[in-house]
Amino acid sequence: MLFNVFILADSAWAGSSLLYKWQKTLGNYIAVAGQDNSVKIFDRHGHKWTELNLPGRCVGMDWDKDGDILAVIAAKSSSIYLWDASVNKTSQIDSGMRDQMSFILWSKTGPLLAVGTVKGNLVLYNQQTSRKIPILGKHTKKITCGCWSTQNLLALGSEDNTLSISNHEGDTVRQTTLRGEPAEIYFSVMKTDERSSHGESTVSVSVDKKILMLFNINDPENPIELTFQRRYGNIVSYRWYGDGYILIGFSHGYFVVISTHAREIGGELYQAHNHKDSLNSVAISPALNKAASCGDNSIKIHELSELKDISNVVRLDDETKGLDQLSWTDDGQLLAVSTQRGTLHVFLTKLPILGDSFGTRLAYLTSLLEVTVSNQVDGETPVAIEVDVEPTFIAVGPYHVAVGMNNRAWFYAFVDLEPGFKKLKEFEYLGTIARMCLNSDYAAALFEGKVQLHMIESKDHEERKQMKLFPDDDRQGRILCHALTADFLYYGTDSGNVVCVLVEDWATVSSYSHSVGVRRVFPDLNGSRLVFFDDKNSGFLFSPTKDSCFELPNFSPTITGVLWDNWHADRGVFVAYDNDKVYTYALHKTTIYGPRVVLVGSTTLLFSQKPLLLYNGDLTCQTASGKTSEVPLSTHSFLKRSAKTSTDSTPELGKQLTEALMLKRFHEAWDLCKSASSDADWAEFGKACLVHMEVGLAIQAYRISGNVAMVLSLQGGTEDMNLLAGHLAMFLEDFNLAQNLYLSSSCPVAALEMRRDLLQWDSALMLAKRLAEDQIPFISKEYAVHLEFIGDYVNALAHYEKGMTHNDKEHDEACQAGVARMSIRMGDIRRGAAQAIQHPSRVLKKECGAILESMKVESQPLKGQYYDKAASVYIRCKNWSKVGELLPHVSSLKIHLQYAKAKEADGKYKEAAQAYESAKDWDNVIRVLLDHLNNPEDAVRIVRETQSIDGAKMVARFFLRLNDYGSAIHFLVLSQCNDEAFQLAQQHGQMEVYADIIGSEATQEDYQSIALYFEGEKKNLQAGKFFQKCGQYSRALKHFLKCPNKDDNLAVEMAIETVGQAKDSSLTNQLIDYLMGESDGIPKDAKYLFRLYMALQQYKEAARTAIIIAREEQCAGNYRNAHNVLFSMYTELQAQEIKIPAEMATNLMILHSYLLVKIHVKRGDHLKGARMLIRVSKNISKFPAHVVPILTSAVIECYRAGLKDSAFGFATMLMRQEYRNQIDPRYRKKIEAMVRRPDKSELEEETTPCLFCGFQLPQNELLCISCKNNLPYCIATGRHMLKEDWSVCPHCEFPALYSQFVLLLETETICPMCSDPLSAEQVKKISDCSQYLKTDQLDK
């Protein structure tokens, strides 16, 4: 709710509208003027501060940007009155004008004051230098409104219906005539898709209260005029806000929001009939993100983020004449509304959230000058304390509260008598107080890196004795934070020290050194533990008594504070909070894992709530409205379940149980388990009890759940805590932890017993070496039995041998039996048999006999040489089944072959094929696959893998039977039967297939045979191809030239290749005649002539042809193709060390300049693009297909780059009769305007030295006027090269200015000349470029 702080009324103001202004930035003062000849200044609490007497009624006032100086103008006076708020002093300045003042406004950025007069004159006054600039005739009538921009431009509106925009010297920049009288003027930025970098370029003005005009300073010809529905009435007031939105209030009570985005302009985003009869004013607070409107006798406040949400409505029923103007302080705390009957109401809209707690007592700000102290837990009546100043901090103790600001604090004591408090004293400190803490007797104030500790209630003469400043030594660092408990003062320093001081005798009790600075400390109520934050936004729990420190798990870096639970039974619970969430932590002091801190869960906070007190799961928060609210923590939901026990779902009960156990609330957890009656819940309860070493509770839980084994195991306790913890860790199956705990207990052998029981023999043996060496033989024997069982006979034998004690007969005999068995298993039969015979046990002898018997069956296959012999014997006996069993172990190919033949004879072809394959008899494999198994796929695979000639013949015959002539020819060639393959191809018209298959491995005769066949078939292209392969170039050329047009391209390419190989002048001339069209009257494409010259290595002729081709491409508008032709020819000539023709070099340079334009314009470098367009436009005859677009681009880019004279020159060219009608309609008007109103200003081109003579010439000039040398150009910018900034493309070796090339490659990924992929890392700077200059001279 809005809170009415004060009402200002004065008899001199009665019945008149008030003029008032809040102090800017601070909002500590409000200046108010009525009909009387004075300005009264009040502070933010409504107390009158001073009064300025004027010679006439106040007609205007304004505060400077920092709120230091109030400027006032009065009727019947040409003076300006300045009131300095810091010294409460008024000064008077003569404006130098004879006419009356009508308008006054301070600049937004500096100490510049604009004052307008009733005759339209203007005075600019610099308060810092006292300089006055009078500007006569700025307007012809009274200046009524205006606004400064953040760029220090001044917009003014006058009764002469004009709008002027001036700079800070008073010079008019723009002036426009309006269709009516201007009212409110503002500078702002219109909403666009891209954020403008020109600053506040839009001026908005209300014209005749009907039209809202938007005037763009950079486009003065096209103002936007917005009109609204007639039912809205007149425009009363409007405000810009957010990203180009405007809020407008209309006289008939309507409240409208529009957007200035080009796509949205003209449409309403929001409209409401806020006030029934009339609306008087609107105001916006960016700090609160709220808007307000007033009308009739009510104020409505909207949320700007959601305009439909009206957060407050205030009715002023006493104001029957209606309301007038609204105004917010810059910080949004106070909202002032003036009324038609001459009163001013000030409302509190945002209260600073200031509060503190000590134990269960709270103190918090409930109004600007009111602090409320309450203790709801103990049921005390809240006490409201009226304080003398608006505080910036509050501190509360058991019996006192302190408030203060800057370096002063006021102390109040709580008393039983009305009003419940008494003011004790005011105390002044040595610096501005950052934070204060109280306990029952002492106050501790933090200021400027120090803490001052003093008694709260002490006699003045004793105060010096009862005061102490910390730290004692400045070398200990600056104090960043502190806290006070009943007995201790804690403070943290920027060097990382956490110091605990006993308040009683001021002695340091403990000091903990942390790795980085400590930002905040939060001790619990008795000071035995504290949480602190460090500079890395990590949280830690520190216990001074044990000097132990734990990092808080899952600690959010946004956390700002900590509260400890004040409930007597929850001393180990605390919450950490940020703006959005509260995180509940619990300290577990006694667990099997040692002390630890756990994150229990989190609770979401509502917006703008500050936690002050935590008591038994209820969080008391302070709100922005000056009240408190209760937030139940979600982690303590089990405390609120009594009323809804029956409705809780099983998952919800499970979650509550987990949270109760994490908070060590065993009583509540017990109740939850009873209501759920689930064995799983009781098991979880029991497990938690084991972790917390609550053995008695665990026994009860396991007894209820029926876990008898656990109950029996837990009975019979021990006083050794480590031994007990070890047992509990073992029950929880954390065996490594259990071992560590056992080893640190009074009975370390328990660790060994646990490992033996777990059959973890390696660990048991290691522990036995340390703890009980006499147990090693017994553990070794048990380990050996285990190893024998899993088949690890080698290690089993070793451990049986280690197990001998020579004392325990029965044990030793068991080990000897093991040694005997393992020896036989390992192949040492003699030793094993001897051991078994000596051993008294008949069972052992039987076991060893069984092992030997089984080994006889298995022992023969271990000797590989017997398989082949056995198989031979079985073959002689015709026992093929036995041979088949032994075959995987047989290595003799002869046996595999015999087996294969036998299987084939029996008709078992699949097994026969496998056996032939094992015997590596590939031909028989292929035969069986084709003749019997009809499996050509595997046959073809084997032929390809083995390259078997006979196999290939068989496959060919197989395909011949299937009439698959192509495959048959393929395999005949593979079997080297070229003649047969040729005949087959000839018979069945498969010569193309034969020709493809024979490839490059055929003889000259083979090629000739194929060529003659194709000649007979009149297939000229194929005939020519094979005549060329067999070296008969003349016949090949004849056939190529006979090819019909559809084969033309390939045939001509082949003809060129043939002539290039032949090196025969007569053939060359014959082909040239064909290409020139002398043989058939049809000239061929020039590219073929170019390729012919290249094939003949006649590079000069090729170069001339390349120039012709490039010229044709250029005329057709294919500039990239033309560039590529010239570039490839250029590099070829360079490689052959042939002089580059000047025409080729020039054409390549002009084309490259054209291609650079697009690159630079895309990168936003309009100056470089403009320079290249100037070069291209000077050679515009070489671009006949795009004369007008190129010249248009030149005009636009030159104008953008500030080359306005060049732009004018090209614009005049475009105005020629032959070009004028081809100009794009979007640009025609602007180009015509450019020619009509020429601007001859030109950005002068930078000069750099010539490479050869050092003469200074323009960057983009490529001919030195001094030494007449052509200069090499940079492929990145088109500028001439510089010796000290030389680099080359590593692919094409064209030069580039290193600094510019690297800059270009930040956005481009290819070389602009050769188009090969390139990165900045590949480009190296060349310190000595002389070798490239020699090459360049050679070109010339």
# chains A, B, ... in the order shown; residues from 1 in each chain; ligands from 1
>>> residues_around(residues="stretch 503-510 of chain A", least_positions_apart="5", cutoff="7 Å", atoms="only C-alpha atoms", output="list in words")
Asp487, Phe488, Leu489 and Pro544 of chain A
>>> residues_around(residues="A:Pro553", least_positions_apart="4", cutoff="10 Å", atoms="only C-alpha atoms", output="ChimeraX atom specification")
/A:538-540,585,596-599
>>> select_by_dssp(residues="stretch 1149-1220 of chain A", states="alpha helix (DSSP H)", output="PyMOL selection string")
chain A and resi 1149-1162+1166-1178+1187-1200+1204-1214+1217-1220
>>> atom_distance(atom1="atom CA of A:Val691", atom2="atom CA of A:Leu728")
7.3 Å
>>> residues_around(residues="A:Ile837", least_positions_apart="2", cutoff="12 Å", atoms="only C-alpha atoms", output="PDB file with C-alpha atoms, in the first residue's frame")
ATOM      1  CA  GLN A 816      50.783 -80.616   1.737  1.00  0.00           C
ATOM      2  CA  ALA A 817      47.694 -82.124   0.070  1.00  0.00           C
ATOM      3  CA  ALA A 820      50.417 -82.293  -4.288  1.00  0.00           C
ATOM      4  CA  ARG A 821      47.247 -81.453  -6.220  1.00  0.00           C
ATOM      5  CA  ILE A 829      53.638 -84.961 -11.980  1.00  0.00           C
ATOM      6  CA  ARG A 830      56.697 -86.526 -10.353  1.00  0.00           C
ATOM      7  CA  ARG A 831      56.665 -84.072  -7.391  1.00  0.00           C
ATOM      8  CA  GLY A 832      52.889 -84.241  -7.017  1.00  0.00           C
ATOM      9  CA  ALA A 833      52.810 -88.056  -7.136  1.00  0.00           C
ATOM     10  CA  ALA A 834      55.614 -88.291  -4.581  1.00  0.00           C
ATOM     11  CA  GLN A 835      53.789 -85.896  -2.208  1.00  0.00           C
ATOM     12  CA  HIS A 839      50.680 -88.252   2.484  1.00  0.00           C
ATOM     13  CA  PRO A 840      48.621 -90.414   4.928  1.00  0.00           C
ATOM     14  CA  SER A 841      45.269 -89.441   3.367  1.00  0.00           C
ATOM     15  CA  ARG A 842      43.682 -92.019   1.056  1.00  0.00           C
ATOM     16  CA  VAL A 843      41.243 -89.353  -0.164  1.00  0.00           C
ATOM     17  CA  LEU A 844      44.178 -87.337  -1.524  1.00  0.00           C
ATOM     18  CA  LYS A 845      45.491 -90.366  -3.457  1.00  0.00           C
ATOM     19  CA  LYS A 846      42.075 -90.817  -5.055  1.00  0.00           C
ATOM     20  CA  GLU A 847      41.881 -87.089  -5.980  1.00  0.00           C
ATOM     21  CA  CYS A 848      45.359 -87.164  -7.564  1.00  0.00           C
ATOM     22  CA  GLY A 849      44.482 -90.340  -9.513  1.00  0.00           C
TER      23      GLY A 849
END
>>> residues_around(residues="A:Val600", least_positions_apart="4", cutoff="10 Å", atoms="only C-alpha atoms", output="PyMOL selection string")
chain A and resi 573+575+583-586+634-636+658-663
>>> write_last_selection(atoms="all heavy atoms", output="short mmCIF file (atom, residue, chain, number, x, y, z; two decimals), in the first residue's frame")
data_model
loop_
_atom_site.label_atom_id
_atom_site.label_comp_id
_atom_site.auth_asym_id
_atom_site.auth_seq_id
_atom_site.Cartn_x
_atom_site.Cartn_y
_atom_site.Cartn_z
N VAL A 573 21.27 -26.11 13.03
CA VAL A 573 20.61 -25.85 11.74
C VAL A 573 20.73 -24.36 11.42
O VAL A 573 20.55 -23.52 12.29
CB VAL A 573 19.12 -26.28 11.80
CG1 VAL A 573 18.41 -25.89 10.52
CG2 VAL A 573 19.02 -27.77 12.05
N VAL A 575 20.25 -21.39 7.84
CA VAL A 575 19.87 -21.18 6.44
C VAL A 575 20.79 -20.12 5.84
O VAL A 575 21.21 -19.19 6.53
CB VAL A 575 18.39 -20.74 6.28
CG1 VAL A 575 17.46 -21.84 6.68
CG2 VAL A 575 18.09 -19.45 7.04
N TYR A 583 18.44 -21.65 1.46
CA TYR A 583 19.02 -22.99 1.47
C TYR A 583 19.20 -23.44 2.92
O TYR A 583 19.84 -22.73 3.72
CB TYR A 583 20.37 -23.00 0.76
CG TYR A 583 20.30 -22.49 -0.66
CD1 TYR A 583 20.43 -21.12 -0.94
CD2 TYR A 583 20.08 -23.35 -1.73
CE1 TYR A 583 20.35 -20.64 -2.23
CE2 TYR A 583 20.00 -22.88 -3.03
CZ TYR A 583 20.14 -21.53 -3.28
OH TYR A 583 20.06 -21.06 -4.57
N THR A 584 18.63 -24.60 3.28
CA THR A 584 18.71 -25.10 4.65
C THR A 584 19.90 -26.04 4.79
O THR A 584 20.03 -27.00 4.00
CB THR A 584 17.42 -25.85 5.03
OG1 THR A 584 16.30 -25.00 4.76
CG2 THR A 584 17.43 -26.25 6.50
N TYR A 585 20.78 -25.77 5.77
CA TYR A 585 21.94 -26.61 6.06
C TYR A 585 21.82 -27.18 7.47
O TYR A 585 21.22 -26.55 8.35
CB TYR A 585 23.25 -25.81 5.96
CG TYR A 585 23.66 -25.47 4.56
CD1 TYR A 585 23.24 -24.28 3.96
CD2 TYR A 585 24.48 -26.33 3.82
CE1 TYR A 585 23.62 -23.96 2.66
CE2 TYR A 585 24.87 -26.02 2.52
CZ TYR A 585 24.44 -24.84 1.96
OH TYR A 585 24.82 -24.54 0.68
N ALA A 586 22.39 -28.37 7.68
CA ALA A 586 22.40 -28.97 9.02
C ALA A 586 23.82 -29.44 9.33
O ALA A 586 24.50 -30.02 8.46
CB ALA A 586 21.43 -30.14 9.09
N SER A 634 10.34 -25.31 3.25
CA SER A 634 9.87 -26.57 2.67
C SER A 634 10.60 -27.77 3.27
O SER A 634 10.10 -28.88 3.26
CB SER A 634 10.06 -26.54 1.15
OG SER A 634 11.44 -26.43 0.84
N THR A 635 11.80 -27.51 3.83
CA THR A 635 12.58 -28.61 4.43
C THR A 635 12.01 -29.03 5.79
O THR A 635 12.41 -30.06 6.33
CB THR A 635 14.04 -28.17 4.61
OG1 THR A 635 14.05 -26.91 5.28
CG2 THR A 635 14.74 -28.02 3.27
N HIS A 636 11.11 -28.21 6.34
CA HIS A 636 10.51 -28.53 7.65
C HIS A 636 9.02 -28.85 7.50
O HIS A 636 8.25 -28.68 8.45
CB HIS A 636 10.68 -27.35 8.61
CG HIS A 636 12.09 -27.14 9.08
ND1 HIS A 636 13.11 -26.85 8.21
CD2 HIS A 636 12.65 -27.20 10.33
CE1 HIS A 636 14.24 -26.70 8.89
NE2 HIS A 636 14.00 -26.92 10.17
N THR A 658 13.07 -38.19 4.87
CA THR A 658 14.48 -37.90 4.52
C THR A 658 14.92 -36.57 5.12
O THR A 658 16.02 -36.46 5.70
CB THR A 658 14.64 -37.88 2.99
OG1 THR A 658 14.19 -39.12 2.46
CG2 THR A 658 16.09 -37.65 2.58
N GLU A 659 14.05 -35.54 5.00
CA GLU A 659 14.41 -34.21 5.52
C GLU A 659 14.50 -34.24 7.04
O GLU A 659 15.42 -33.64 7.63
CB GLU A 659 13.38 -33.18 5.06
CG GLU A 659 13.48 -32.87 3.56
CD GLU A 659 12.30 -32.08 3.04
OE1 GLU A 659 11.29 -31.96 3.78
OE2 GLU A 659 12.35 -31.59 1.89
N ALA A 660 13.57 -34.93 7.69
CA ALA A 660 13.59 -35.00 9.16
C ALA A 660 14.88 -35.68 9.64
O ALA A 660 15.50 -35.25 10.62
CB ALA A 660 12.37 -35.77 9.66
N LEU A 661 15.28 -36.74 8.94
CA LEU A 661 16.51 -37.45 9.33
C LEU A 661 17.74 -36.58 9.08
O LEU A 661 18.69 -36.59 9.88
CB LEU A 661 16.62 -38.77 8.57
CG LEU A 661 15.57 -39.83 8.96
CD1 LEU A 661 15.63 -41.01 8.01
CD2 LEU A 661 15.78 -40.31 10.41
N MET A 662 17.74 -35.83 7.96
CA MET A 662 18.89 -34.96 7.69
C MET A 662 19.00 -33.85 8.72
O MET A 662 20.09 -33.35 9.01
CB MET A 662 18.77 -34.36 6.28
CG MET A 662 19.03 -35.37 5.17
SD MET A 662 18.78 -34.68 3.54
CE MET A 662 20.32 -33.90 3.24
N LEU A 663 17.84 -33.43 9.28
CA LEU A 663 17.84 -32.39 10.31
C LEU A 663 18.01 -32.97 11.72
O LEU A 663 17.91 -32.25 12.71
CB LEU A 663 16.53 -31.60 10.23
CG LEU A 663 16.37 -30.71 8.98
CD1 LEU A 663 14.93 -30.27 8.82
CD2 LEU A 663 17.29 -29.50 9.07
#
>>> residues_around(residues="A:Pro1184", least_positions_apart="3", cutoff="10 Å", atoms="only C-alpha atoms", output="list of chain:residue names")
A:Gln1114, A:Cys1115, A:Ala1116, A:Gly1117, A:Ile1180, A:Ser1181, A:Val1187, A:Val1188
>>> residues_around(residues="A:Glu1244", least_positions_apart="5", cutoff="10 Å", atoms="only C-alpha atoms", output="number ranges by chain")
A: 1202-1203, 1258
>>> residues_around(residues="stretch 259-275 of chain A", least_positions_apart="6", cutoff="8 Å", atoms="only C-alpha atoms", output="PDB file with all heavy atoms, in the first residue's frame")
ATOM      1  N   MET A 190      14.334   6.121 -30.735  1.00  0.00           N
ATOM      2  CA  MET A 190      13.245   5.284 -31.260  1.00  0.00           C
ATOM      3  C   MET A 190      13.662   3.827 -31.262  1.00  0.00           C
ATOM      4  O   MET A 190      14.836   3.500 -31.436  1.00  0.00           O
ATOM      5  CB  MET A 190      12.873   5.720 -32.681  1.00  0.00           C
ATOM      6  CG  MET A 190      12.012   6.965 -32.699  1.00  0.00           C
ATOM      7  SD  MET A 190      11.480   7.450 -34.345  1.00  0.00           S
ATOM      8  CE  MET A 190      10.440   6.113 -34.831  1.00  0.00           C
ATOM      9  N   LYS A 191      12.692   2.959 -31.063  1.00  0.00           N
ATOM     10  CA  LYS A 191      12.968   1.508 -31.009  1.00  0.00           C
ATOM     11  C   LYS A 191      13.293   0.997 -32.416  1.00  0.00           C
ATOM     12  O   LYS A 191      12.556   1.251 -33.357  1.00  0.00           O
ATOM     13  CB  LYS A 191      11.743   0.781 -30.458  1.00  0.00           C
ATOM     14  CG  LYS A 191      11.950  -0.686 -30.216  1.00  0.00           C
ATOM     15  CD  LYS A 191      10.680  -1.306 -29.672  1.00  0.00           C
ATOM     16  CE  LYS A 191      10.847  -2.795 -29.507  1.00  0.00           C
ATOM     17  NZ  LYS A 191       9.598  -3.443 -29.141  1.00  0.00           N
ATOM     18  N   THR A 192      14.446   0.294 -32.553  1.00  0.00           N
ATOM     19  CA  THR A 192      14.840  -0.293 -33.843  1.00  0.00           C
ATOM     20  C   THR A 192      15.307  -1.717 -33.613  1.00  0.00           C
ATOM     21  O   THR A 192      15.534  -2.130 -32.487  1.00  0.00           O
ATOM     22  CB  THR A 192      15.992   0.502 -34.482  1.00  0.00           C
ATOM     23  OG1 THR A 192      17.078   0.549 -33.547  1.00  0.00           O
ATOM     24  CG2 THR A 192      15.576   1.900 -34.862  1.00  0.00           C
ATOM     25  N   LEU A 226       1.719  11.415 -35.021  1.00  0.00           N
ATOM     26  CA  LEU A 226       0.784  10.418 -34.513  1.00  0.00           C
ATOM     27  C   LEU A 226      -0.461  11.127 -33.986  1.00  0.00           C
ATOM     28  O   LEU A 226      -0.361  12.039 -33.152  1.00  0.00           O
ATOM     29  CB  LEU A 226       1.429   9.609 -33.379  1.00  0.00           C
ATOM     30  CG  LEU A 226       2.730   8.875 -33.730  1.00  0.00           C
ATOM     31  CD1 LEU A 226       3.318   8.256 -32.482  1.00  0.00           C
ATOM     32  CD2 LEU A 226       2.475   7.797 -34.764  1.00  0.00           C
ATOM     33  N   GLY A 244      12.150   2.352 -26.173  1.00  0.00           N
ATOM     34  CA  GLY A 244      11.423   3.098 -27.187  1.00  0.00           C
ATOM     35  C   GLY A 244       9.913   3.061 -27.055  1.00  0.00           C
ATOM     36  O   GLY A 244       9.197   3.085 -28.054  1.00  0.00           O
ATOM     37  N   TYR A 245       9.401   2.958 -25.817  1.00  0.00           N
ATOM     38  CA  TYR A 245       7.950   2.975 -25.609  1.00  0.00           C
ATOM     39  C   TYR A 245       7.533   4.350 -25.061  1.00  0.00           C
ATOM     40  O   TYR A 245       8.304   5.017 -24.367  1.00  0.00           O
ATOM     41  CB  TYR A 245       7.526   1.880 -24.609  1.00  0.00           C
ATOM     42  CG  TYR A 245       7.819   0.487 -25.098  1.00  0.00           C
ATOM     43  CD1 TYR A 245       8.924  -0.214 -24.624  1.00  0.00           C
ATOM     44  CD2 TYR A 245       6.998  -0.127 -26.051  1.00  0.00           C
ATOM     45  CE1 TYR A 245       9.209  -1.493 -25.081  1.00  0.00           C
ATOM     46  CE2 TYR A 245       7.272  -1.398 -26.503  1.00  0.00           C
ATOM     47  CZ  TYR A 245       8.371  -2.081 -26.029  1.00  0.00           C
ATOM     48  OH  TYR A 245       8.641  -3.340 -26.492  1.00  0.00           O
ATOM     49  N   ILE A 246       6.287   4.750 -25.368  1.00  0.00           N
ATOM     50  CA  ILE A 246       5.776   6.035 -24.870  1.00  0.00           C
ATOM     51  C   ILE A 246       4.445   5.786 -24.166  1.00  0.00           C
ATOM     52  O   ILE A 246       3.560   5.105 -24.695  1.00  0.00           O
ATOM     53  CB  ILE A 246       5.559   7.044 -26.018  1.00  0.00           C
ATOM     54  CG1 ILE A 246       6.855   7.243 -26.814  1.00  0.00           C
ATOM     55  CG2 ILE A 246       5.067   8.383 -25.469  1.00  0.00           C
ATOM     56  CD1 ILE A 246       6.711   8.181 -28.000  1.00  0.00           C
ATOM     57  N   HIS A 252      -9.568  12.870 -21.143  1.00  0.00           N
ATOM     58  CA  HIS A 252     -10.801  12.177 -20.792  1.00  0.00           C
ATOM     59  C   HIS A 252     -10.555  10.938 -19.936  1.00  0.00           C
ATOM     60  O   HIS A 252     -11.438  10.081 -19.821  1.00  0.00           O
ATOM     61  CB  HIS A 252     -11.568  11.794 -22.068  1.00  0.00           C
ATOM     62  CG  HIS A 252     -12.143  12.982 -22.785  1.00  0.00           C
ATOM     63  ND1 HIS A 252     -12.726  12.898 -24.031  1.00  0.00           N
ATOM     64  CD2 HIS A 252     -12.203  14.309 -22.436  1.00  0.00           C
ATOM     65  CE1 HIS A 252     -13.123  14.109 -24.413  1.00  0.00           C
ATOM     66  NE2 HIS A 252     -12.814  14.984 -23.460  1.00  0.00           N
ATOM     67  N   GLY A 253      -9.356  10.823 -19.361  1.00  0.00           N
ATOM     68  CA  GLY A 253      -9.078   9.747 -18.406  1.00  0.00           C
ATOM     69  C   GLY A 253      -8.432   8.517 -19.014  1.00  0.00           C
ATOM     70  O   GLY A 253      -8.264   7.510 -18.329  1.00  0.00           O
ATOM     71  N   SER A 293      -0.688   7.388 -12.761  1.00  0.00           N
ATOM     72  CA  SER A 293      -1.532   8.423 -13.370  1.00  0.00           C
ATOM     73  C   SER A 293      -2.452   8.973 -12.285  1.00  0.00           C
ATOM     74  O   SER A 293      -2.825   8.265 -11.349  1.00  0.00           O
ATOM     75  CB  SER A 293      -2.352   7.834 -14.525  1.00  0.00           C
ATOM     76  OG  SER A 293      -3.349   6.960 -14.030  1.00  0.00           O
ATOM     77  N   CYS A 294      -2.797  10.258 -12.390  1.00  0.00           N
ATOM     78  CA  CYS A 294      -3.741  10.814 -11.424  1.00  0.00           C
ATOM     79  C   CYS A 294      -4.838  11.551 -12.171  1.00  0.00           C
ATOM     80  O   CYS A 294      -4.601  12.139 -13.235  1.00  0.00           O
ATOM     81  CB  CYS A 294      -3.039  11.729 -10.418  1.00  0.00           C
ATOM     82  SG  CYS A 294      -2.461  13.273 -11.107  1.00  0.00           S
ATOM     83  N   GLY A 295      -6.032  11.467 -11.639  1.00  0.00           N
ATOM     84  CA  GLY A 295      -7.176  12.126 -12.240  1.00  0.00           C
ATOM     85  C   GLY A 295      -8.373  12.002 -11.316  1.00  0.00           C
ATOM     86  O   GLY A 295      -8.381  11.154 -10.414  1.00  0.00           O
ATOM     87  N   ASP A 296      -9.424  12.816 -11.575  1.00  0.00           N
ATOM     88  CA  ASP A 296     -10.557  12.874 -10.647  1.00  0.00           C
ATOM     89  C   ASP A 296      -9.970  13.127  -9.255  1.00  0.00           C
ATOM     90  O   ASP A 296      -9.317  14.119  -9.019  1.00  0.00           O
ATOM     91  CB  ASP A 296     -11.387  11.587 -10.713  1.00  0.00           C
ATOM     92  CG  ASP A 296     -11.904  11.344 -12.138  1.00  0.00           C
ATOM     93  OD1 ASP A 296     -12.023  12.333 -12.887  1.00  0.00           O
ATOM     94  OD2 ASP A 296     -12.151  10.186 -12.501  1.00  0.00           O
ATOM     95  N   SER A 298      -8.161  10.332  -7.651  1.00  0.00           N
ATOM     96  CA  SER A 298      -7.468   9.071  -7.354  1.00  0.00           C
ATOM     97  C   SER A 298      -6.139   8.983  -8.102  1.00  0.00           C
ATOM     98  O   SER A 298      -5.933   9.632  -9.132  1.00  0.00           O
ATOM     99  CB  SER A 298      -8.350   7.873  -7.736  1.00  0.00           C
ATOM    100  OG  SER A 298      -8.524   7.823  -9.127  1.00  0.00           O
ATOM    101  N   LYS A 300      -3.496   5.944  -9.651  1.00  0.00           N
ATOM    102  CA  LYS A 300      -3.361   4.515  -9.978  1.00  0.00           C
ATOM    103  C   LYS A 300      -1.920   4.237 -10.381  1.00  0.00           C
ATOM    104  O   LYS A 300      -1.326   5.013 -11.154  1.00  0.00           O
ATOM    105  CB  LYS A 300      -4.318   4.125 -11.121  1.00  0.00           C
ATOM    106  CG  LYS A 300      -5.781   4.123 -10.692  1.00  0.00           C
ATOM    107  CD  LYS A 300      -6.681   3.513 -11.757  1.00  0.00           C
ATOM    108  CE  LYS A 300      -8.129   3.495 -11.276  1.00  0.00           C
ATOM    109  NZ  LYS A 300      -9.039   2.941 -12.291  1.00  0.00           N
ATOM    110  N   LEU A 307       1.470  -4.183 -17.706  1.00  0.00           N
ATOM    111  CA  LEU A 307       0.665  -2.962 -17.509  1.00  0.00           C
ATOM    112  C   LEU A 307      -0.732  -3.243 -16.973  1.00  0.00           C
ATOM    113  O   LEU A 307      -1.351  -2.391 -16.346  1.00  0.00           O
ATOM    114  CB  LEU A 307       0.579  -2.191 -18.829  1.00  0.00           C
ATOM    115  CG  LEU A 307       1.893  -1.469 -19.210  1.00  0.00           C
ATOM    116  CD1 LEU A 307       1.941  -1.175 -20.682  1.00  0.00           C
ATOM    117  CD2 LEU A 307       2.050  -0.183 -18.410  1.00  0.00           C
TER     118      LEU A 307
END
>>> select_by_dssp(residues="stretch 402-572 of chain A", states="strand (DSSP E or B)", output="ChimeraX atom specification")
/A:402-405,408-414,421-428,433-438,442-447,450-455,467-470,479-484,488-493,497-502,507-513,518-523,530-534,539-543,548-551,561-565
>>> atom_distance(atom1="atom CA of A:Pro1295", atom2="atom CA of A:Arg1279")
10.8 Å
